[in-house]
Each structure stands twice: as C-alpha cells, then as structure tokens.
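What follows is the content of data.txt, which has compact mmCIF, C-alpha atoms:
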```
# COMPACT_ATOMS: atom_id res chain seq x y z
CA ASP A 97 0.09 -14.71 -22.97
CA VAL A 98 0.82 -12.73 -19.84
CA LYS A 99 4.07 -10.89 -20.08
CA VAL A 100 6.19 -9.86 -17.16
CA THR A 101 9.07 -7.71 -18.29
CA GLN A 102 12.13 -6.89 -16.23
CA SER A 103 14.03 -3.89 -17.49
CA SER A 104 17.54 -5.35 -17.33
CA ARG A 105 18.85 -8.86 -17.90
CA TYR A 106 22.30 -8.16 -16.48
CA LEU A 107 23.40 -5.35 -14.20
CA VAL A 108 26.72 -4.50 -12.56
CA LYS A 109 26.74 -1.93 -9.76
CA ARG A 110 29.22 -0.67 -7.24
CA THR A 111 28.96 -1.12 -3.49
CA GLY A 112 26.97 1.72 -1.96
CA GLU A 113 25.07 2.61 -5.13
CA LYS A 114 21.29 2.95 -5.11
CA VAL A 115 19.88 0.38 -7.52
CA PHE A 116 16.46 0.26 -9.14
CA LEU A 117 15.06 -2.95 -10.63
CA GLU A 118 11.94 -2.42 -12.67
CA CYS A 119 9.16 -4.88 -13.43
CA VAL A 120 6.12 -4.34 -15.63
CA GLN A 121 3.22 -6.74 -16.31
CA ASP A 122 0.62 -6.29 -19.01
CA MET A 123 -2.36 -8.37 -17.84
CA ASP A 124 -3.89 -6.28 -15.09
CA HIS A 125 -2.76 -8.64 -12.32
CA GLU A 126 -3.43 -7.46 -8.79
CA ASN A 127 -0.48 -9.21 -7.19
CA MET A 128 3.20 -8.60 -7.81
CA PHE A 129 6.24 -10.10 -6.13
CA TRP A 130 10.01 -9.83 -5.94
CA TYR A 131 12.13 -12.89 -5.23
CA ARG A 132 15.83 -13.49 -5.23
CA GLN A 133 17.23 -16.80 -6.37
CA ASP A 134 20.53 -18.15 -5.06
CA PRO A 135 22.07 -21.62 -5.59
CA GLY A 136 20.95 -24.04 -2.91
CA LEU A 137 18.53 -21.54 -1.37
CA GLY A 138 15.75 -21.60 -3.93
CA LEU A 139 13.50 -18.58 -4.37
CA ARG A 140 13.15 -16.30 -1.37
CA LEU A 141 10.44 -13.68 -1.13
CA ILE A 142 11.68 -10.12 -0.64
CA TYR A 143 8.53 -7.99 -0.95
CA PHE A 144 5.07 -8.29 -2.44
CA SER A 145 2.11 -6.11 -3.25
CA TYR A 146 -1.58 -6.87 -3.61
CA ASP A 147 -2.58 -3.43 -4.85
CA VAL A 148 -1.34 -0.03 -5.91
CA LYS A 149 0.57 1.76 -3.17
CA MET A 150 0.38 -1.35 -1.03
CA LYS A 151 3.45 -3.34 -0.01
CA GLU A 152 4.23 -6.14 2.39
CA LYS A 153 7.53 -7.51 3.62
CA GLY A 154 8.46 -11.01 2.61
CA ASP A 155 10.98 -13.26 4.30
CA ILE A 156 14.15 -11.28 3.51
CA PRO A 157 13.26 -7.55 3.18
CA GLU A 158 16.38 -6.15 4.87
CA GLY A 159 18.32 -3.83 2.60
CA TYR A 160 15.46 -3.54 0.09
CA SER A 161 12.43 -1.38 -0.46
CA VAL A 162 9.72 -1.36 -3.13
CA SER A 163 7.42 1.02 -4.92
CA ARG A 164 4.11 0.40 -6.63
CA GLU A 165 2.72 3.66 -7.94
CA LYS A 166 0.85 2.01 -10.83
CA LYS A 167 -0.86 -1.36 -10.99
CA GLU A 168 1.35 -2.65 -13.78
CA ARG A 169 4.71 -1.61 -12.33
CA PHE A 170 6.54 -2.90 -9.26
CA SER A 171 10.02 -1.59 -8.54
CA LEU A 172 12.63 -3.08 -6.24
CA ILE A 173 15.10 -0.66 -4.71
CA LEU A 174 18.43 -1.49 -3.15
CA GLU A 175 19.08 1.57 -1.01
CA SER A 176 22.83 0.98 -0.72
CA ALA A 177 23.98 -2.05 -2.69
CA SER A 178 26.25 -4.54 -0.96
CA THR A 179 28.15 -7.54 -2.30
CA ASN A 180 25.81 -9.96 -0.51
CA GLN A 181 23.00 -8.65 -2.70
CA THR A 182 24.66 -10.15 -5.76
CA SER A 183 21.96 -12.50 -7.00
CA MET A 184 19.33 -13.30 -9.61
CA TYR A 185 16.22 -11.20 -9.00
CA LEU A 186 12.90 -12.49 -10.27
CA CYS A 187 9.70 -10.51 -10.51
CA ALA A 188 6.34 -12.28 -10.72
CA SER A 189 2.69 -11.37 -11.01
CA SER A 190 -0.55 -13.23 -10.47
CA LEU A 191 -4.29 -13.03 -10.28
CA CYS A 192 -5.75 -13.83 -6.88
CA GLY A 193 -5.80 -17.58 -6.31
CA HIS A 194 -3.65 -18.48 -9.27
CA GLY A 195 -0.03 -19.31 -9.96
CA TYR A 196 2.64 -16.83 -10.85
CA THR A 197 4.01 -15.67 -14.15
CA PHE A 198 7.68 -14.82 -13.79
CA GLY A 199 9.83 -12.31 -15.60
CA SER A 200 13.10 -13.36 -17.21
CA GLY A 201 15.13 -12.22 -14.23
CA THR A 202 17.85 -9.67 -13.60
CA ARG A 203 21.28 -10.96 -12.71
CA LEU A 204 22.75 -8.30 -10.46
CA THR A 205 26.42 -8.22 -9.60
CA VAL A 206 27.60 -5.81 -6.92
CA VAL A 207 31.34 -5.13 -7.00
CA GLY B 1359 4.98 -18.44 8.61
CA GLU B 1360 4.91 -21.12 5.95
CA ASN B 1361 7.91 -23.41 5.46
CA VAL B 1362 8.26 -25.77 2.52
CA GLU B 1363 10.73 -28.65 2.54
CA GLN B 1364 11.61 -30.39 -0.73
CA HIS B 1365 13.44 -33.68 -1.35
CA PRO B 1366 15.63 -34.78 -2.93
CA SER B 1367 17.83 -31.85 -3.89
CA THR B 1368 19.20 -33.82 -6.85
CA LEU B 1369 17.63 -36.72 -8.71
CA SER B 1370 19.01 -38.78 -11.58
CA VAL B 1371 16.76 -41.19 -13.46
CA GLN B 1372 17.17 -43.27 -16.59
CA GLU B 1373 15.27 -42.00 -19.59
CA GLY B 1374 11.88 -43.68 -19.67
CA ASP B 1375 11.76 -44.28 -15.92
CA SER B 1376 9.61 -42.34 -13.44
CA ALA B 1377 10.71 -39.49 -11.19
CA VAL B 1378 9.13 -38.51 -7.89
CA ILE B 1379 9.76 -35.30 -5.96
CA LYS B 1380 8.32 -34.87 -2.48
CA CYS B 1381 7.45 -31.79 -0.47
CA THR B 1382 6.05 -31.01 2.95
CA TYR B 1383 4.54 -27.77 4.19
CA SER B 1384 3.97 -26.41 7.67
CA ASP B 1385 0.95 -24.09 7.49
CA SER B 1386 -2.31 -26.03 7.44
CA ALA B 1387 -4.08 -22.93 6.07
CA SER B 1388 -2.16 -23.18 2.76
CA ASN B 1389 -4.65 -24.12 0.08
CA TYR B 1390 -2.90 -23.97 -3.28
CA PHE B 1391 0.16 -25.95 -4.33
CA PRO B 1392 1.83 -25.10 -7.64
CA TRP B 1393 4.86 -26.75 -9.21
CA TYR B 1394 7.35 -24.86 -11.35
CA LYS B 1395 9.95 -26.05 -13.81
CA GLN B 1396 13.05 -23.98 -14.47
CA GLU B 1397 15.28 -24.88 -17.38
CA LEU B 1398 18.84 -23.64 -17.41
CA GLY B 1399 18.98 -19.88 -17.92
CA LYS B 1400 15.22 -19.52 -18.12
CA ARG B 1401 12.44 -18.31 -15.89
CA PRO B 1402 10.42 -20.69 -13.71
CA GLN B 1403 7.24 -21.80 -15.42
CA LEU B 1404 4.11 -23.25 -13.88
CA ILE B 1405 3.65 -26.86 -14.97
CA ILE B 1406 0.84 -28.13 -12.74
CA ASP B 1407 -1.00 -27.09 -9.62
CA ILE B 1408 -3.42 -28.58 -7.12
CA ARG B 1409 -5.85 -27.07 -4.67
CA SER B 1410 -6.54 -28.32 -1.17
CA ASN B 1411 -9.96 -29.72 -2.05
CA VAL B 1412 -8.43 -32.21 -4.50
CA GLY B 1413 -6.25 -35.23 -3.76
CA GLU B 1414 -4.73 -35.84 -7.17
CA LYS B 1415 -4.40 -34.14 -10.53
CA LYS B 1416 -2.90 -35.42 -13.75
CA ASP B 1417 -1.77 -33.76 -16.97
CA GLN B 1418 -0.33 -36.17 -19.51
CA ARG B 1419 2.94 -37.51 -18.03
CA ILE B 1420 2.81 -35.29 -14.96
CA ALA B 1421 0.73 -35.88 -11.85
CA VAL B 1422 0.57 -34.27 -8.44
CA THR B 1423 -0.82 -35.76 -5.24
CA LEU B 1424 -1.76 -33.99 -2.03
CA ASN B 1425 -2.22 -35.41 1.46
CA LYS B 1426 -3.64 -32.57 3.54
CA THR B 1427 -3.64 -34.51 6.77
CA ALA B 1428 0.06 -35.25 6.54
CA LYS B 1429 0.83 -31.95 4.80
CA HIS B 1430 2.65 -33.77 2.02
CA PHE B 1431 2.47 -33.26 -1.72
CA SER B 1432 4.39 -34.90 -4.53
CA LEU B 1433 5.18 -34.52 -8.21
CA HIS B 1434 5.29 -37.63 -10.38
CA ILE B 1435 6.76 -37.64 -13.87
CA THR B 1436 6.32 -40.84 -15.87
CA GLU B 1437 8.18 -41.97 -19.00
CA THR B 1438 10.82 -39.32 -18.49
CA GLN B 1439 12.39 -37.65 -21.52
CA PRO B 1440 15.58 -35.59 -21.99
CA GLU B 1441 13.53 -32.37 -22.04
CA ASP B 1442 12.40 -33.10 -18.48
CA SER B 1443 15.90 -32.21 -17.27
CA ALA B 1444 15.49 -29.05 -15.20
CA VAL B 1445 15.12 -27.73 -11.67
CA TYR B 1446 11.68 -28.29 -10.20
CA PHE B 1447 10.23 -26.19 -7.38
CA CYS B 1448 7.26 -27.06 -5.24
CA ALA B 1449 5.41 -24.27 -3.49
CA ALA B 1450 2.61 -23.61 -1.03
CA ASP B 1451 0.28 -20.64 -1.21
CA ARG B 1452 -1.61 -19.02 1.61
CA ASP B 1453 -3.46 -15.78 0.93
CA ASP B 1454 -1.80 -15.37 -2.46
CA LYS B 1455 1.71 -15.46 -1.04
CA ILE B 1456 3.73 -18.36 -2.41
CA ILE B 1457 6.60 -19.91 -0.49
CA PHE B 1458 8.92 -22.14 -2.49
CA GLY B 1459 10.92 -25.23 -1.68
CA LYS B 1460 14.63 -25.11 -2.40
CA GLY B 1461 14.29 -27.05 -5.64
CA THR B 1462 15.19 -30.44 -7.10
CA ARG B 1463 17.65 -30.73 -9.96
CA LEU B 1464 16.41 -33.56 -12.17
CA HIS B 1465 18.88 -35.23 -14.53
CA ILE B 1466 17.57 -37.59 -17.20
CA LEU B 1467 20.26 -40.11 -18.09
CA PRO B 1468 20.43 -41.50 -21.65
```
Rewrite the structure of this file - the entire thing - as structure tokens.
Amino acid sequence: DVKVTQSSRYLVKRTGEKVFLECVQDMDHENMFWYRQDPGLGLRLIYFSYDVKMKEKGDIPEGYSVSREKKERFSLILESASTNQTSMYLCASSLCGHGYTFGSGTRLTVV
Amino acid sequence: GENVEQHPSTLSVQEGDSAVIKCTYSDSASNYFPWYKQELGKRPQLIIDIRSNVGEKKDQRIAVTLNKTAKHFSLHITETQPEDSAVYFCAADRDDKIIFGKGTRLHILP
C-alpha cells in the first residue's frame, strides 16, 4: 500500500510564526499536492509539484510556499501564519493519470 | 480553470435505498473523474473512477456514469448500508491536477 505520511496530526502556532508542514510518500510518485479542507468549501488546491524542484500554484497559493528538494518529500510553508490559515491540511501523491493517495492530514490552529 | 459543482450538499436516504450524487465540470479537456469517500476524522479515499472514453463503470454496489457532452457525471450507490455514511467528493482531472467538488454529506437512516 502506498503510504503518504504527514509529520504532525495536530499543530498549534502563533500568529506571525513561520510554519512547516512536511509530507513524505514512499512509492516513488511523481506528483505531490497540498490541499486545505474547510467546512462547506471542500478541498482547495494550494500548490502542486510534478517533479523535484518543480512547483506550480494552485487555486489559493497566497500566504503559502512549497519546497520539493527530494522526490519523496513535499513541504508546505506558511511564511507568516495568520488566523485565517487555521484549517485541515491534506497532502496527496499520485502517479501520472491516476487518483490520489492522501495523507492523514494536519489540523493546524493559528492563535 | 476547471470548476466542479456538486449536488446535493447533504443527502439522507433510508438504509437499503439508493443514493445518487451529481456533479458537473467546466473544462472539456478534463479526462479523468475520481470519486472519494471521507469518513469522519479520516482521510479521503478513492472509491471509484472513470475516464473520458468510458460512459459507465460499476464496482459492486457503486457505479459512476459520465456524459461528456453535457459535462455531467454521477455516483450511484445501491442497497445503501450504515457504513456508506460519509462525505463524498467528486473531482475532475486535467493534466494530473485534480479539482474537487465541495462534497456531499450522505446520511443513511436506519
């Protein structure tokens, strides 16, 4: 089974802090994605990557950046956390042309 | 860009009855349509998918239909069971980027 592992299940950070969310997949998938999930809004794409050192903006990239230095790892960075970034963050990976495998999610609270 | 609309947002059906969730998409170049099920507190999981060269696909009690001309696709669950209670997301994929609908919360009533 493909495993997508997110480093933290729950995280509480202060406004203005720099926050790193880590995601690692173990099946050599080319594609990796970061979504945030909010009630009533579904899953919204923040950033994605089709290859090492490659990144593309999704629908809501403002306030976020990403890093993909290795194929198996895709990091989401909140440069200066704000309360409106309180959310569930889901990482996913996929092979080209196939559905996603999601991580368990990180519930981030910014206070 | 792609936009996926999903209806209804909430659906309650009697156990044993059928449930239907409908989605529309905007980008005619989308060619892959997965459906995900998310149980409370868990990650979304792929339950069935369909590609644009196929009109219908079935897997036991779950089926998906696709009308490319109308840009509609639907999920059908027959003989619903309590374990079908969850949030279901439709999605459309173009160039390996998946855009999701807002989800349907399905309640199975005893």
- [ ] Select residues of chain A: the criterion is any atom within 7 Å of an atom of chain B, counting all atoms listed in the file; output as a list in words.
- [x] Gly136, Leu137, Gly138, Leu139, Cys192, Gly193, Gly195, Phe198, Gly199, Ser200 and Gly201 of chain A
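Distance-wise, CA of Leu1433 (chain B) and CA of Pro1468 (chain B) end up 21.5 Å apart.
Counting from CA of Gly159 (chain A), the distance to CA of Gln1364 (chain B) is 27.6 Å.
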- [ ] Name the residues within 9 Å of (16.2, -6.1, -20.0), counting all atoms listed in the file in the file's coordinates, and put them as a ChimeraX atom specification.
- [x] /A:101-106,200-202
Based on the selection just made, write C-alpha atoms of those residues as a CSV table (one decimal), keeping the file's coordinate frame.
```
chain,number,residue,atom,x,y,z
A,101,THR,CA,9.1,-7.7,-18.3
A,102,GLN,CA,12.1,-6.9,-16.2
A,103,SER,CA,14.0,-3.9,-17.5
A,104,SER,CA,17.5,-5.4,-17.3
A,105,ARG,CA,18.8,-8.9,-17.9
A,106,TYR,CA,22.3,-8.2,-16.5
A,200,SER,CA,13.1,-13.4,-17.2
A,201,GLY,CA,15.1,-12.2,-14.2
A,202,THR,CA,17.8,-9.7,-13.6
```
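All residues that come within 9 Å of the coordinates (15.7, -34.1, -21.9), counting only C-alpha atoms, are given as Glu1373, Thr1438, Gln1439, Pro1440, Glu1441, Asp1442, Ser1443, Ala1444, His1465, Ile1466, Leu1467 and Pro1468 of chain B.
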